[in-house]
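Source file: upload_30.csv; contents: CSV, C-alpha atoms.
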```
chain,number,residue,atom,x,y,z
Z,1,MET,CA,-1.9,-94.9,24.7
Z,2,TYR,CA,-2.9,-91.6,23.2
Z,3,SER,CA,-4.1,-88.5,25.1
Z,4,VAL,CA,-7.4,-86.8,24.0
Z,5,PHE,CA,-5.1,-84.0,22.7
Z,6,SER,CA,-3.3,-86.5,20.5
Z,7,TYR,CA,-6.6,-87.8,19.1
Z,8,GLY,CA,-7.5,-84.2,18.4
Z,9,SER,CA,-4.3,-83.7,16.4
Z,10,MET,CA,-5.1,-86.8,14.3
Z,11,ILE,CA,-8.6,-85.5,13.6
Z,12,ALA,CA,-7.2,-82.0,12.8
Z,13,ASP,CA,-5.0,-83.5,10.1
Z,14,ARG,CA,-7.4,-82.7,7.3
Z,15,VAL,CA,-5.5,-84.6,4.6
Z,16,ARG,CA,-5.7,-87.8,6.6
Z,17,THR,CA,-9.2,-87.3,8.0
Z,18,ASP,CA,-10.8,-86.1,4.7
Z,19,ALA,CA,-9.4,-89.1,2.8
Z,20,TYR,CA,-10.8,-91.5,5.4
Z,21,VAL,CA,-14.2,-89.7,5.2
Z,22,GLN,CA,-14.2,-89.9,1.4
Z,23,ALA,CA,-13.3,-93.7,1.6
Z,24,LEU,CA,-16.1,-94.3,4.1
Z,25,ARG,CA,-18.6,-92.4,2.0
Z,26,GLN,CA,-17.7,-94.5,-1.0
Z,27,ALA,CA,-17.8,-97.8,0.9
Z,28,VAL,CA,-20.8,-97.6,3.2
Z,29,ARG,CA,-24.2,-98.7,1.8
Z,30,PRO,CA,-27.6,-98.6,3.5
Z,31,GLY,CA,-27.6,-101.6,5.9
Z,32,SER,CA,-23.8,-102.0,6.1
Z,33,VAL,CA,-22.1,-103.4,9.2
Z,34,VAL,CA,-19.0,-101.5,10.0
Z,35,LEU,CA,-16.1,-102.5,12.3
Z,36,ASP,CA,-14.0,-99.5,13.5
Z,37,ILE,CA,-10.8,-100.8,15.0
Z,38,GLY,CA,-9.0,-98.2,17.2
Z,39,THR,CA,-12.0,-95.9,17.2
Z,40,GLY,CA,-10.4,-93.4,19.6
Z,41,THR,CA,-12.9,-90.6,20.1
Z,42,GLY,CA,-15.3,-92.2,17.6
Z,43,ILE,CA,-15.3,-89.9,14.5
Z,44,PHE,CA,-15.2,-92.7,11.9
Z,45,ALA,CA,-17.9,-94.8,13.7
Z,46,MET,CA,-20.2,-91.8,13.8
Z,47,LEU,CA,-19.6,-90.9,10.1
Z,48,ALA,CA,-20.3,-94.6,9.2
Z,49,CYS,CA,-23.7,-94.1,10.8
Z,50,ARG,CA,-24.3,-90.9,8.9
Z,51,PHE,CA,-23.5,-92.6,5.6
Z,52,GLY,CA,-26.1,-95.3,6.3
Z,53,ALA,CA,-24.5,-98.1,8.3
Z,54,ARG,CA,-27.0,-100.2,10.1
Z,55,ARG,CA,-24.6,-101.2,12.8
Z,56,VAL,CA,-21.2,-100.1,13.9
Z,57,TYR,CA,-18.9,-102.0,16.3
Z,58,ALA,CA,-16.4,-99.5,17.6
Z,59,ILE,CA,-13.4,-101.1,19.4
Z,60,GLU,CA,-10.9,-99.2,21.5
Z,61,PRO,CA,-8.9,-100.4,24.5
Z,62,ASP,CA,-8.1,-96.9,25.7
Z,63,ASP,CA,-10.3,-94.9,28.1
Z,64,ALA,CA,-10.8,-92.4,25.3
Z,65,ILE,CA,-13.7,-94.6,24.3
Z,66,SER,CA,-15.7,-92.8,27.0
Z,67,VAL,CA,-15.3,-89.6,24.9
Z,68,ALA,CA,-16.6,-91.5,21.9
Z,69,ARG,CA,-19.6,-92.7,23.8
Z,70,GLU,CA,-20.5,-89.2,24.8
Z,71,ALA,CA,-20.0,-87.9,21.3
Z,72,ALA,CA,-22.2,-90.7,19.9
Z,73,ALA,CA,-25.0,-89.8,22.3
Z,74,ALA,CA,-24.6,-86.0,21.5
Z,75,ASN,CA,-24.9,-86.8,17.8
Z,76,GLY,CA,-27.8,-89.2,18.1
Z,77,PHE,CA,-25.9,-92.4,17.1
Z,78,SER,CA,-25.9,-94.3,20.4
Z,79,GLU,CA,-28.5,-96.8,19.2
Z,80,ARG,CA,-26.5,-97.9,16.2
Z,81,ILE,CA,-22.9,-98.0,17.7
Z,82,GLU,CA,-21.8,-100.7,20.1
Z,83,PHE,CA,-18.6,-99.6,21.9
Z,84,ILE,CA,-16.3,-102.3,23.0
Z,85,GLN,CA,-13.3,-101.4,25.3
Z,86,GLU,CA,-10.9,-104.2,24.4
Z,87,LEU,CA,-8.2,-105.3,21.9
Z,88,SER,CA,-9.8,-106.4,18.7
Z,89,THR,CA,-8.0,-109.7,18.8
Z,90,ARG,CA,-10.0,-110.5,22.0
Z,91,VAL,CA,-13.4,-109.6,20.5
Z,92,THR,CA,-16.0,-111.8,18.9
Z,93,LEU,CA,-18.8,-110.1,17.1
Z,94,PRO,CA,-22.4,-111.5,16.6
Z,95,GLU,CA,-22.1,-110.8,12.9
Z,96,GLN,CA,-19.4,-110.3,10.3
Z,97,ALA,CA,-18.6,-106.8,9.1
Z,98,ASN,CA,-19.0,-105.6,5.6
Z,99,ILE,CA,-16.3,-102.9,6.1
Z,100,ILE,CA,-13.4,-102.7,8.5
Z,101,ILE,CA,-11.8,-99.3,9.0
Z,102,SER,CA,-8.7,-98.7,11.0
Z,103,ASP,CA,-5.7,-96.4,11.4
Z,104,LEU,CA,-3.4,-98.2,13.8
Z,105,ARG,CA,-0.1,-96.9,12.3
Z,106,GLY,CA,2.6,-95.0,14.0
Z,107,ILE,CA,5.2,-93.1,12.0
Z,108,LEU,CA,5.2,-96.1,9.8
Z,109,PRO,CA,2.6,-98.9,9.3
Z,110,LEU,CA,5.0,-101.3,11.0
Z,111,PHE,CA,3.9,-100.3,14.5
Z,112,GLN,CA,3.5,-102.5,17.5
Z,113,HIS,CA,0.6,-105.0,16.8
Z,114,HIS,CA,-1.0,-103.1,13.9
Z,115,LEU,CA,-0.4,-105.8,11.3
Z,116,PRO,CA,-1.4,-108.9,13.5
Z,117,ALA,CA,-4.6,-107.0,14.5
Z,118,ILE,CA,-5.5,-106.4,10.8
Z,119,MET,CA,-4.7,-110.0,9.8
Z,120,ASP,CA,-6.8,-111.4,12.6
Z,121,ALA,CA,-9.7,-109.1,11.9
Z,122,ARG,CA,-9.7,-109.9,8.2
Z,123,LYS,CA,-9.8,-113.7,9.0
Z,124,ARG,CA,-12.4,-113.7,11.8
Z,125,LEU,CA,-14.5,-110.6,11.6
Z,126,LEU,CA,-14.8,-109.5,7.9
Z,127,ALA,CA,-17.4,-110.9,5.6
Z,128,PRO,CA,-16.0,-112.9,2.6
Z,129,ASP,CA,-16.7,-110.0,0.2
Z,130,GLY,CA,-15.9,-107.3,2.7
Z,131,ILE,CA,-13.9,-104.1,2.3
Z,132,LEU,CA,-10.7,-103.2,4.2
Z,133,ILE,CA,-9.9,-99.5,4.7
Z,134,PRO,CA,-7.0,-98.9,4.2
Z,135,ARG,CA,-6.6,-101.4,1.3
Z,136,ARG,CA,-2.8,-101.1,0.9
Z,137,ASP,CA,0.2,-99.2,2.3
Z,138,SER,CA,3.4,-99.0,0.3
Z,139,LEU,CA,6.7,-98.1,2.0
Z,140,TRP,CA,9.4,-96.2,0.1
Z,141,ALA,CA,13.0,-95.5,0.9
Z,142,ALA,CA,15.8,-93.2,-0.3
Z,143,ILE,CA,19.2,-92.1,0.8
Z,144,ALA,CA,19.1,-88.7,2.4
Z,145,GLN,CA,21.5,-85.8,3.2
Z,146,ALA,CA,20.3,-84.7,6.6
Z,147,PRO,CA,23.1,-83.1,8.7
Z,148,GLU,CA,20.7,-81.6,11.3
Z,149,LEU,CA,18.9,-84.8,12.0
Z,150,TYR,CA,22.2,-86.7,12.1
Z,151,LYS,CA,23.6,-84.2,14.5
Z,152,GLU,CA,20.7,-84.9,16.9
Z,153,HIS,CA,21.7,-88.6,16.9
Z,154,ALA,CA,25.4,-88.2,17.2
Z,155,ALA,CA,26.7,-84.8,18.2
Z,156,VAL,CA,26.2,-84.9,22.0
Z,157,TRP,CA,28.1,-88.2,22.1
Z,158,GLU,CA,31.0,-86.9,20.0
Z,159,ASP,CA,31.5,-83.6,21.8
Z,160,ASP,CA,33.4,-83.3,25.1
Z,161,ILE,CA,31.0,-82.0,27.7
Z,162,HIS,CA,32.7,-80.3,30.6
Z,163,ASN,CA,35.9,-82.1,29.5
Z,164,LEU,CA,34.3,-85.5,29.7
Z,165,THR,CA,34.0,-87.9,26.8
Z,166,LEU,CA,30.6,-89.6,26.3
Z,167,ILE,CA,31.6,-91.5,23.1
Z,168,SER,CA,30.4,-94.8,24.7
Z,169,GLY,CA,26.8,-93.7,24.1
Z,170,ARG,CA,27.2,-93.0,20.4
Z,171,ARG,CA,26.9,-96.7,19.3
Z,172,PHE,CA,23.5,-96.9,21.0
Z,173,ALA,CA,22.2,-93.6,19.6
Z,174,ILE,CA,23.3,-94.5,16.0
Z,175,ASN,CA,21.2,-97.7,16.1
Z,176,THR,CA,18.1,-95.7,16.8
Z,177,TRP,CA,15.7,-94.4,14.2
Z,178,ARG,CA,13.4,-91.5,14.7
Z,179,LYS,CA,10.8,-89.3,13.1
Z,180,GLY,CA,12.4,-87.0,10.6
Z,181,ARG,CA,10.6,-84.9,7.9
Z,182,MET,CA,12.6,-84.5,4.6
Z,183,LYS,CA,12.5,-82.1,1.7
Z,184,PRO,CA,12.9,-83.4,-1.9
Z,185,GLU,CA,16.2,-81.6,-2.3
Z,186,GLN,CA,17.7,-83.7,0.5
Z,187,MET,CA,17.3,-86.9,-1.5
Z,188,LEU,CA,20.5,-88.2,-3.0
Z,189,THR,CA,18.8,-91.1,-4.8
Z,190,GLU,CA,15.5,-91.9,-6.4
Z,191,PRO,CA,13.0,-93.6,-4.0
Z,192,GLU,CA,12.8,-97.4,-4.1
Z,193,CYS,CA,9.8,-99.5,-2.9
Z,194,LEU,CA,10.7,-101.2,0.4
Z,195,ALA,CA,7.5,-103.2,0.8
Z,196,THR,CA,3.8,-103.2,-0.2
Z,197,LEU,CA,1.4,-104.2,2.5
Z,198,ASP,CA,-1.7,-105.5,0.8
Z,199,TYR,CA,-4.1,-105.9,3.7
Z,200,LYS,CA,-6.4,-108.2,1.8
Z,201,THR,CA,-3.7,-110.9,1.4
Z,202,LEU,CA,-1.0,-110.0,4.0
Z,203,ASP,CA,0.1,-113.1,5.9
Z,204,SER,CA,3.2,-111.9,7.7
Z,205,CYS,CA,3.9,-109.0,10.1
Z,206,ASP,CA,7.6,-108.9,9.2
Z,207,ILE,CA,9.3,-107.5,6.1
Z,208,SER,CA,12.7,-107.8,4.5
Z,209,ALA,CA,14.1,-106.3,1.3
Z,210,GLU,CA,17.4,-105.6,-0.5
Z,211,LEU,CA,17.5,-102.2,-2.1
Z,212,THR,CA,20.1,-100.8,-4.5
Z,213,TRP,CA,20.4,-97.1,-5.5
Z,214,THR,CA,22.7,-95.1,-7.7
Z,215,ALA,CA,23.7,-91.7,-6.3
Z,216,LEU,CA,22.2,-88.9,-8.4
Z,217,ARG,CA,24.6,-86.2,-7.4
Z,218,GLU,CA,27.5,-85.4,-5.1
Z,219,GLY,CA,26.6,-85.1,-1.4
Z,220,VAL,CA,27.0,-86.6,2.1
Z,221,ALA,CA,24.7,-89.5,2.9
Z,222,HIS,CA,23.6,-89.3,6.5
Z,223,GLY,CA,20.8,-91.9,6.5
Z,224,ILE,CA,17.8,-93.6,5.0
Z,225,SER,CA,14.5,-91.8,4.8
Z,226,ILE,CA,11.4,-94.1,4.8
Z,227,TRP,CA,7.8,-93.1,4.3
Z,228,PHE,CA,4.6,-94.6,3.1
Z,229,ASP,CA,1.8,-94.0,0.6
Z,230,THR,CA,-1.7,-95.4,1.3
Z,231,SER,CA,-4.6,-96.5,-0.9
Z,232,LEU,CA,-7.7,-96.4,1.3
Z,233,ILE,CA,-10.1,-97.5,-1.4
Z,234,GLY,CA,-10.2,-97.1,-5.2
Z,235,GLY,CA,-8.9,-93.7,-6.1
Z,236,VAL,CA,-8.7,-92.4,-2.5
Z,237,GLY,CA,-5.4,-92.2,-0.6
Z,238,PHE,CA,-2.6,-89.9,0.5
Z,239,SER,CA,1.2,-89.8,0.8
Z,240,ASN,CA,3.7,-88.4,3.3
Z,241,ALA,CA,6.6,-88.5,0.7
Z,242,PRO,CA,9.1,-85.6,0.8
Z,243,GLY,CA,7.5,-82.6,-0.8
Z,244,SER,CA,3.9,-83.7,-0.1
Z,245,GLN,CA,1.7,-81.9,2.5
Z,246,GLU,CA,2.9,-82.8,6.0
Z,247,LEU,CA,0.8,-85.4,7.8
Z,248,ILE,CA,0.5,-86.5,11.4
Z,249,TYR,CA,2.6,-89.6,10.6
Z,250,GLY,CA,5.8,-87.9,9.5
Z,251,SER,CA,8.6,-90.1,8.0
Z,252,ALA,CA,11.4,-92.2,9.5
Z,253,PHE,CA,15.1,-91.4,9.5
Z,254,PHE,CA,17.5,-94.4,9.9
Z,255,PRO,CA,21.0,-92.9,10.4
Z,256,LEU,CA,24.2,-94.5,8.9
Z,257,ALA,CA,26.9,-95.5,11.4
Z,258,GLU,CA,29.1,-92.7,9.8
Z,259,PRO,CA,28.3,-90.1,7.2
Z,260,VAL,CA,29.5,-91.1,3.7
Z,261,THR,CA,30.5,-88.8,1.0
Z,262,LEU,CA,28.9,-89.8,-2.3
Z,263,SER,CA,29.9,-89.1,-5.9
Z,264,PRO,CA,27.5,-89.3,-8.8
Z,265,ASP,CA,26.9,-93.0,-9.8
Z,266,ASP,CA,28.2,-94.5,-6.6
Z,267,THR,CA,26.2,-97.6,-5.6
Z,268,ILE,CA,24.4,-97.8,-2.3
Z,269,SER,CA,23.0,-101.2,-1.3
Z,270,VAL,CA,20.9,-101.7,1.9
Z,271,ALA,CA,19.4,-104.9,3.3
Z,272,ILE,CA,16.5,-103.9,5.5
Z,273,ARG,CA,14.6,-106.2,7.9
Z,274,ALA,CA,11.8,-105.5,10.4
Z,275,ASP,CA,10.8,-108.3,12.7
Z,276,LEU,CA,8.0,-108.0,15.3
Z,277,VAL,CA,9.4,-109.2,18.6
Z,278,GLY,CA,7.2,-108.9,21.6
Z,279,ASP,CA,5.4,-105.6,21.5
Z,280,ASP,CA,7.4,-103.8,18.8
Z,281,TYR,CA,9.7,-104.2,15.9
Z,282,ILE,CA,13.4,-104.9,15.7
Z,283,TRP,CA,14.8,-103.2,12.7
Z,284,ARG,CA,18.1,-104.0,11.0
Z,285,TRP,CA,19.8,-102.1,8.1
Z,286,ASP,CA,23.0,-103.3,6.6
Z,287,THR,CA,24.6,-100.7,4.3
Z,288,ARG,CA,27.3,-101.1,1.6
Z,289,VAL,CA,28.6,-98.2,-0.5
Z,290,THR,CA,30.9,-98.8,-3.5
Z,291,GLY,CA,32.6,-96.2,-5.6
Z,292,ARG,CA,31.8,-95.4,-9.2
Z,293,ASN,CA,35.4,-95.4,-10.4
Z,294,SER,CA,36.3,-98.9,-9.2
Z,295,PRO,CA,33.9,-101.7,-8.5
Z,296,GLY,CA,36.2,-103.0,-5.8
Z,297,GLU,CA,36.3,-99.6,-3.9
Z,298,VAL,CA,34.2,-100.0,-0.8
Z,299,LYS,CA,33.5,-96.6,0.8
Z,300,ALA,CA,31.4,-97.9,3.6
Z,301,ASN,CA,30.1,-101.2,5.1
Z,302,PHE,CA,27.8,-100.9,8.1
Z,303,THR,CA,25.7,-103.3,10.2
Z,304,GLN,CA,23.1,-101.6,12.3
Z,305,SER,CA,20.0,-102.7,14.3
Z,306,THR,CA,17.7,-101.3,16.9
Z,307,PHE,CA,18.7,-104.4,18.9
Z,308,PHE,CA,22.0,-102.6,19.6
Z,309,ALA,CA,20.2,-99.5,20.7
Z,310,THR,CA,19.4,-100.7,24.2
Z,311,PRO,CA,22.3,-101.1,26.8
Z,312,LEU,CA,22.1,-104.5,28.5
Z,313,SER,CA,24.1,-105.4,31.5
Z,314,LEU,CA,25.5,-108.9,32.1
Z,315,ALA,CA,23.1,-109.3,35.0
Z,316,GLN,CA,20.1,-108.5,32.8
Z,317,LEU,CA,21.3,-110.8,30.0
Z,318,ARG,CA,21.6,-113.7,32.5
Z,319,LYS,CA,18.0,-113.1,33.6
Z,320,ARG,CA,17.0,-113.6,29.9
Z,321,ALA,CA,19.0,-116.8,29.4
Z,322,SER,CA,17.0,-119.9,28.6
Z,323,ASN,CA,18.6,-121.8,31.4
Z,324,HIS,CA,17.9,-119.2,34.0
Z,325,ALA,CA,15.7,-120.4,36.9
Z,326,PRO,CA,14.1,-117.2,38.2
Z,327,SER,CA,12.7,-116.6,41.7
Z,328,LEU,CA,10.5,-113.7,42.6
Z,329,ASN,CA,12.0,-110.5,44.1
Z,330,GLU,CA,10.0,-108.5,46.6
Z,331,ASP,CA,8.1,-106.6,44.0
Z,332,GLY,CA,7.2,-109.9,42.3
Z,333,GLN,CA,6.0,-111.3,45.6
Z,334,ILE,CA,3.7,-108.4,46.1
Z,335,GLU,CA,2.2,-108.7,42.7
Z,336,HIS,CA,1.9,-112.5,43.0
Z,337,PHE,CA,0.0,-112.0,46.3
Z,338,ILE,CA,-2.3,-109.4,44.8
Z,339,LEU,CA,-3.1,-111.5,41.8
Z,340,SER,CA,-3.8,-114.5,44.1
Z,341,LEU,CA,-6.6,-112.5,45.7
Z,342,MET,CA,-8.3,-111.6,42.4
Z,343,ASP,CA,-10.7,-114.4,42.8
Z,344,GLY,CA,-14.0,-112.7,41.9
Z,345,LYS,CA,-14.9,-112.5,45.6
Z,346,THR,CA,-12.3,-110.3,47.3
Z,347,SER,CA,-12.9,-106.6,46.9
Z,348,LEU,CA,-10.1,-104.2,46.1
Z,349,GLU,CA,-10.5,-102.5,49.5
Z,350,GLU,CA,-10.0,-105.8,51.3
Z,351,THR,CA,-7.1,-106.8,49.0
Z,352,ALA,CA,-5.4,-103.5,49.7
Z,353,HIS,CA,-5.7,-103.9,53.5
Z,354,ARG,CA,-4.3,-107.4,53.3
Z,355,VAL,CA,-1.4,-106.3,51.1
Z,356,SER,CA,-0.5,-103.4,53.3
Z,357,ASP,CA,-0.6,-105.7,56.4
Z,358,LYS,CA,1.6,-108.3,54.7
Z,359,PHE,CA,4.1,-105.7,53.2
Z,360,PRO,CA,4.1,-102.8,55.6
Z,361,GLU,CA,7.6,-101.6,54.7
Z,362,HIS,CA,6.4,-101.0,51.1
Z,363,PHE,CA,3.1,-99.2,51.8
Z,364,ALA,CA,3.2,-96.3,54.3
Z,365,LYS,CA,-0.5,-95.8,53.8
Z,366,TRP,CA,-3.4,-98.1,53.0
Z,367,SER,CA,-4.2,-95.8,50.0
Z,368,ASP,CA,-0.8,-96.5,48.5
Z,369,ALA,CA,-1.6,-100.2,48.5
Z,370,LEU,CA,-5.1,-99.5,47.0
Z,371,THR,CA,-3.4,-97.6,44.1
Z,372,ARG,CA,-1.1,-100.6,43.4
Z,373,VAL,CA,-4.0,-103.1,43.6
Z,374,SER,CA,-6.2,-100.9,41.4
Z,375,GLU,CA,-3.4,-100.7,38.7
Z,376,LEU,CA,-3.2,-104.5,38.6
Z,377,SER,CA,-7.0,-104.7,38.5
Z,378,LEU,CA,-7.1,-102.5,35.4
Z,379,LYS,CA,-4.5,-104.6,33.7
Z,380,PHE,CA,-5.6,-108.1,34.5
Z,381,SER,CA,-9.2,-108.3,35.8
Z,382,ARG,CA,-12.3,-109.0,33.8
```

Would you write the structure of this file as structure tokens?
Amino acid sequence: MYSVFSYGSMIADRVRTDAYVQALRQAVRPGSVVLDIGTGTGIFAMLACRFGARRVYAIEPDDAISVAREAAAANGFSERIEFIQELSTRVTLPEQANIIISDLRGILPLFQHHLPAIMDARKRLLAPDGILIPRRDSLWAAIAQAPELYKEHAAVWEDDIHNLTLISGRRFAINTWRKGRMKPEQMLTEPECLATLDYKTLDSCDISAELTWTALREGVAHGISIWFDTSLIGGVGFSNAPGSQELIYGSAFFPLAEPVTLSPDDTISVAIRADLVGDDYIWRWDTRVTGRNSPGEVKANFTQSTFFATPLSLAQLRKRASNHAPSLNEDGQIEHFILSLMDGKTSLEETAHRVSDKFPEHFAKWSDALTRVSELSLKFSR
């Protein structure tokens, strides 16, 4: 969840915000019904009203929606905006929207449940001739020379600290991607299109591609830079490509397992996959570099994945095995007991007293039990 400060940073990104405002102004007609998914502090919902929308449904699961409600009241739009604190996939509207506007991306558009939410909203909540903003995101990739970014991934694990080796951590760090802004002069290849996400027709939240580049010049390849361009509506969009004005999103840096020295006309082939598993994406990037002088000369051959970025003990792996028959530990027993009392009749106060009586070794004070009960209420109660 974002803080109000983070929402403020997004609003302050004028390239992003002004483009969305221009798209809304172009799309909204008098009487339009607008759905704002991930409304945050409500700026797009209010602007839709200003541009003539009859009704705006503003959906936001975060408590920042209370800021949006206050802002709507202060600007005189409360009567036309219905605020709904929930995930959009759990919402049913009394009418279909003519326009759906959203910005659910992270550094890249493949972020948590962004794509499933858009696909669901398009199918259930958008009128047949409705408009999606954004209309399309295109992901681009290029091989980059980025020694400083690479150092942040690898250096601490390669250096002896107080005469201790920490090399065992390197293999986890090198399978992790991160935000990393690039300059055009850091690119060792031309960009290639990794994927185009056409939100009007998108039917999968996963992507895969095989990209091949020819090195433009001599340099050291440290990783793959990935960014996106967006088309919000006809003629309106923005890009966070290297050399463009910096945006709130940034770009992604996927390190290579080892730096590779390239010569002009070397061939770099990368097979990239991103699969939504649970609440986030598992990325895989397999890299092969062949030399220009001999087609058989393999300079590098790496297999990397964010799956390998998380240390897993044997004990934890056994708990995930399909044949594992789990029993509740004490924390699980506490949560099970609390959930069993969420029957629509028992107050949180009474629940907390019963929990602290049943598990006194876990709750020194009744207020500690109330905090635990309230957290579960926020997560699971209606």

Minimum-distance residue to Gly106 (chain Z), chosen among Z:Arg124, Z:Lys179, Z:Arg16, Z:His153 (using only C-alpha atoms): Z:Lys179

Å distance separating CA of Arg284 (chain Z) from CA of Phe254 (chain Z), one decimal place: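 We find that CA of Arg284 (chain Z) and CA of Phe254 (chain Z) lie 9.7 Å from each other.
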
Proximity to Asp357 (chain Z) - best of Z:His336, Z:Ile43, Z:Ala369, Z:Thr287, all atoms listed in the file: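 Among the listed residues, Z:Ala369 lies closest to Asp357 (chain Z).
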
Spatial neighbours of Leu378 (chain Z), max dist 12 Å, only C-alpha atoms, sep filter under 4 positions, as a list of chain:residue names: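 Contacts, in chain order: Z:Pro61, Z:Asp62, Z:Asp63, Z:Gln85, Z:Glu86, Z:Leu339, Z:Met342, Z:Leu348, Z:Thr371, Z:Arg372, Z:Val373, Z:Ser374, Z:Arg382.
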
Shell around Phe363 (chain Z) at 12 Å using only C-alpha atoms, local window under 4 positions removed, as JSON, numbers by chain: {"Z": [331, 334, 352, 353, 354, 355, 356, 357, 358, 359, 367, 368, 369, 370, 371, 372, 373]}

Selected residues written out, C-alpha atoms, as a PDB file, in the coordinates of the input:
```pdb
ATOM      1  CA  ASP Z 331       8.100-106.600  44.000  1.00  0.00           C
ATOM      2  CA  ILE Z 334       3.700-108.400  46.100  1.00  0.00           C
ATOM      3  CA  ALA Z 352      -5.400-103.500  49.700  1.00  0.00           C
ATOM      4  CA  HIS Z 353      -5.700-103.900  53.500  1.00  0.00           C
ATOM      5  CA  ARG Z 354      -4.300-107.400  53.300  1.00  0.00           C
ATOM      6  CA  VAL Z 355      -1.400-106.300  51.100  1.00  0.00           C
ATOM      7  CA  SER Z 356      -0.500-103.400  53.300  1.00  0.00           C
ATOM      8  CA  ASP Z 357      -0.600-105.700  56.400  1.00  0.00           C
ATOM      9  CA  LYS Z 358       1.600-108.300  54.700  1.00  0.00           C
ATOM     10  CA  PHE Z 359       4.100-105.700  53.200  1.00  0.00           C
ATOM     11  CA  SER Z 367      -4.200 -95.800  50.000  1.00  0.00           C
ATOM     12  CA  ASP Z 368      -0.800 -96.500  48.500  1.00  0.00           C
ATOM     13  CA  ALA Z 369      -1.600-100.200  48.500  1.00  0.00           C
ATOM     14  CA  LEU Z 370      -5.100 -99.500  47.000  1.00  0.00           C
ATOM     15  CA  THR Z 371      -3.400 -97.600  44.100  1.00  0.00           C
ATOM     16  CA  ARG Z 372      -1.100-100.600  43.400  1.00  0.00           C
ATOM     17  CA  VAL Z 373      -4.000-103.100  43.600  1.00  0.00           C
TER      18      VAL Z 373
END
```

Residues within 8 Å of (23.9, -84.0, 2.2), file coords, only C-alpha atoms, listed as an MDAnalysis selection string: chainID Z and resid 144:147 186 188 219:222

Shortest interatomic distance to Gln26 (chain Z) - which of Z:Phe51, Z:Tyr199, Z:Trp366, Z:Phe111, counting all atoms listed in the file: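 Of Z:Phe51, Z:Tyr199, Z:Trp366, Z:Phe111, the one nearest Gln26 (chain Z), counting all atoms listed in the file, is Z:Phe51.
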
Extending 5 Å beyond the listed atoms of region 157-176 of chain Z on each side, what axis-aligned box results? I want centre and edge lengths in Å to one decimal, as JSON.
```
{"center_x": 27.0, "center_y": -89.0, "center_z": 23.3, "size_x": 27.8, "size_y": 27.4, "size_z": 24.6}
```

Distance of CA of Arg217 (chain Z) from CA of Glu258 (chain Z), expressed in Å to one decimal place: 18.9 Å

Atomic distance CA of Thr41 (chain Z) - CA of Ile100 (chain Z), expressed in Å with one decimal: 16.8 Å

Near region 300-314 of chain Z, 8 Å: region 80-182 of chain Z residue rows, closest pairs, only C-alpha atoms, as a tab-separated table:
```
residue	atom	partner	partner_atom	distance
Z:Arg171	CA	Z:Ala309	CA	7.4
Z:Phe172	CA	Z:Ala309	CA	4.2
Z:Ala173	CA	Z:Ala309	CA	6.3
Z:Ile174	CA	Z:Ala309	CA	7.5
Z:Asn175	CA	Z:Ala309	CA	5.0
Z:Thr176	CA	Z:Thr306	CA	5.6
Z:Trp177	CA	Z:Thr306	CA	7.7
```

Nearest candidate to Leu232 (chain Z) (options Z:Tyr281, Z:Asp103, Z:Thr39, Z:Ile81; using all atoms listed in the file):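 Closest to Leu232 (chain Z), using all atoms listed in the file: Z:Asp103.
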
Ala271 (chain Z) surroundings by all atoms listed in the file, 6 Å radius, close-in-sequence under 5 positions cut, as JSON, numbers by chain: {"Z": [209, 210, 285, 286]}

Residues near region 247-251 of chain Z, cut-off 9 Å, all atoms listed in the file, skip fewer than 5 positions along chain, as a VMD selection string: chain Z and resid 9 to 10 13 to 16 105 to 108 178 to 182 225 to 228 239 to 242

Top pick for closest residue to Thr189 (chain Z), considering Z:Arg90, Z:Ser347, Z:Ser208, Z:Ala142 and counting only C-alpha atoms: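 The answer is Z:Ala142, which sits nearest to Thr189 (chain Z).
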
Only N, CA, C and O atoms, please: region 56-61 of chain Z from the block, as an mmCIF file, in the first residue's frame.
```
data_model
loop_
_atom_site.group_PDB
_atom_site.id
_atom_site.type_symbol
_atom_site.label_atom_id
_atom_site.label_comp_id
_atom_site.auth_asym_id
_atom_site.auth_seq_id
_atom_site.Cartn_x
_atom_site.Cartn_y
_atom_site.Cartn_z
ATOM 1 N N VAL Z 56 -19.090 8.989 -11.405
ATOM 2 C CA VAL Z 56 -17.760 8.396 -11.317
ATOM 3 C C VAL Z 56 -17.754 7.384 -10.173
ATOM 4 O O VAL Z 56 -18.180 7.714 -9.045
ATOM 5 N N TYR Z 57 -17.310 6.180 -10.475
ATOM 6 C CA TYR Z 57 -17.111 5.158 -9.449
ATOM 7 C C TYR Z 57 -15.610 5.081 -9.180
ATOM 8 O O TYR Z 57 -14.832 4.737 -10.069
ATOM 9 N N ALA Z 58 -15.224 5.441 -7.972
ATOM 10 C CA ALA Z 58 -13.806 5.531 -7.618
ATOM 11 C C ALA Z 58 -13.469 4.400 -6.650
ATOM 12 O O ALA Z 58 -13.941 4.391 -5.507
ATOM 13 N N ILE Z 59 -12.665 3.456 -7.122
ATOM 14 C CA ILE Z 59 -12.369 2.249 -6.345
ATOM 15 C C ILE Z 59 -10.941 2.322 -5.814
ATOM 16 O O ILE Z 59 -10.004 2.601 -6.564
ATOM 17 N N GLU Z 60 -10.785 2.038 -4.534
ATOM 18 C CA GLU Z 60 -9.464 2.056 -3.905
ATOM 19 C C GLU Z 60 -9.514 1.214 -2.620
ATOM 20 O O GLU Z 60 -10.290 1.523 -1.717
ATOM 21 N N PRO Z 61 -8.700 0.151 -2.524
ATOM 22 C CA PRO Z 61 -8.723 -0.654 -1.296
ATOM 23 C C PRO Z 61 -8.002 -0.008 -0.121
ATOM 24 O O PRO Z 61 -8.250 -0.355 1.027
#
```
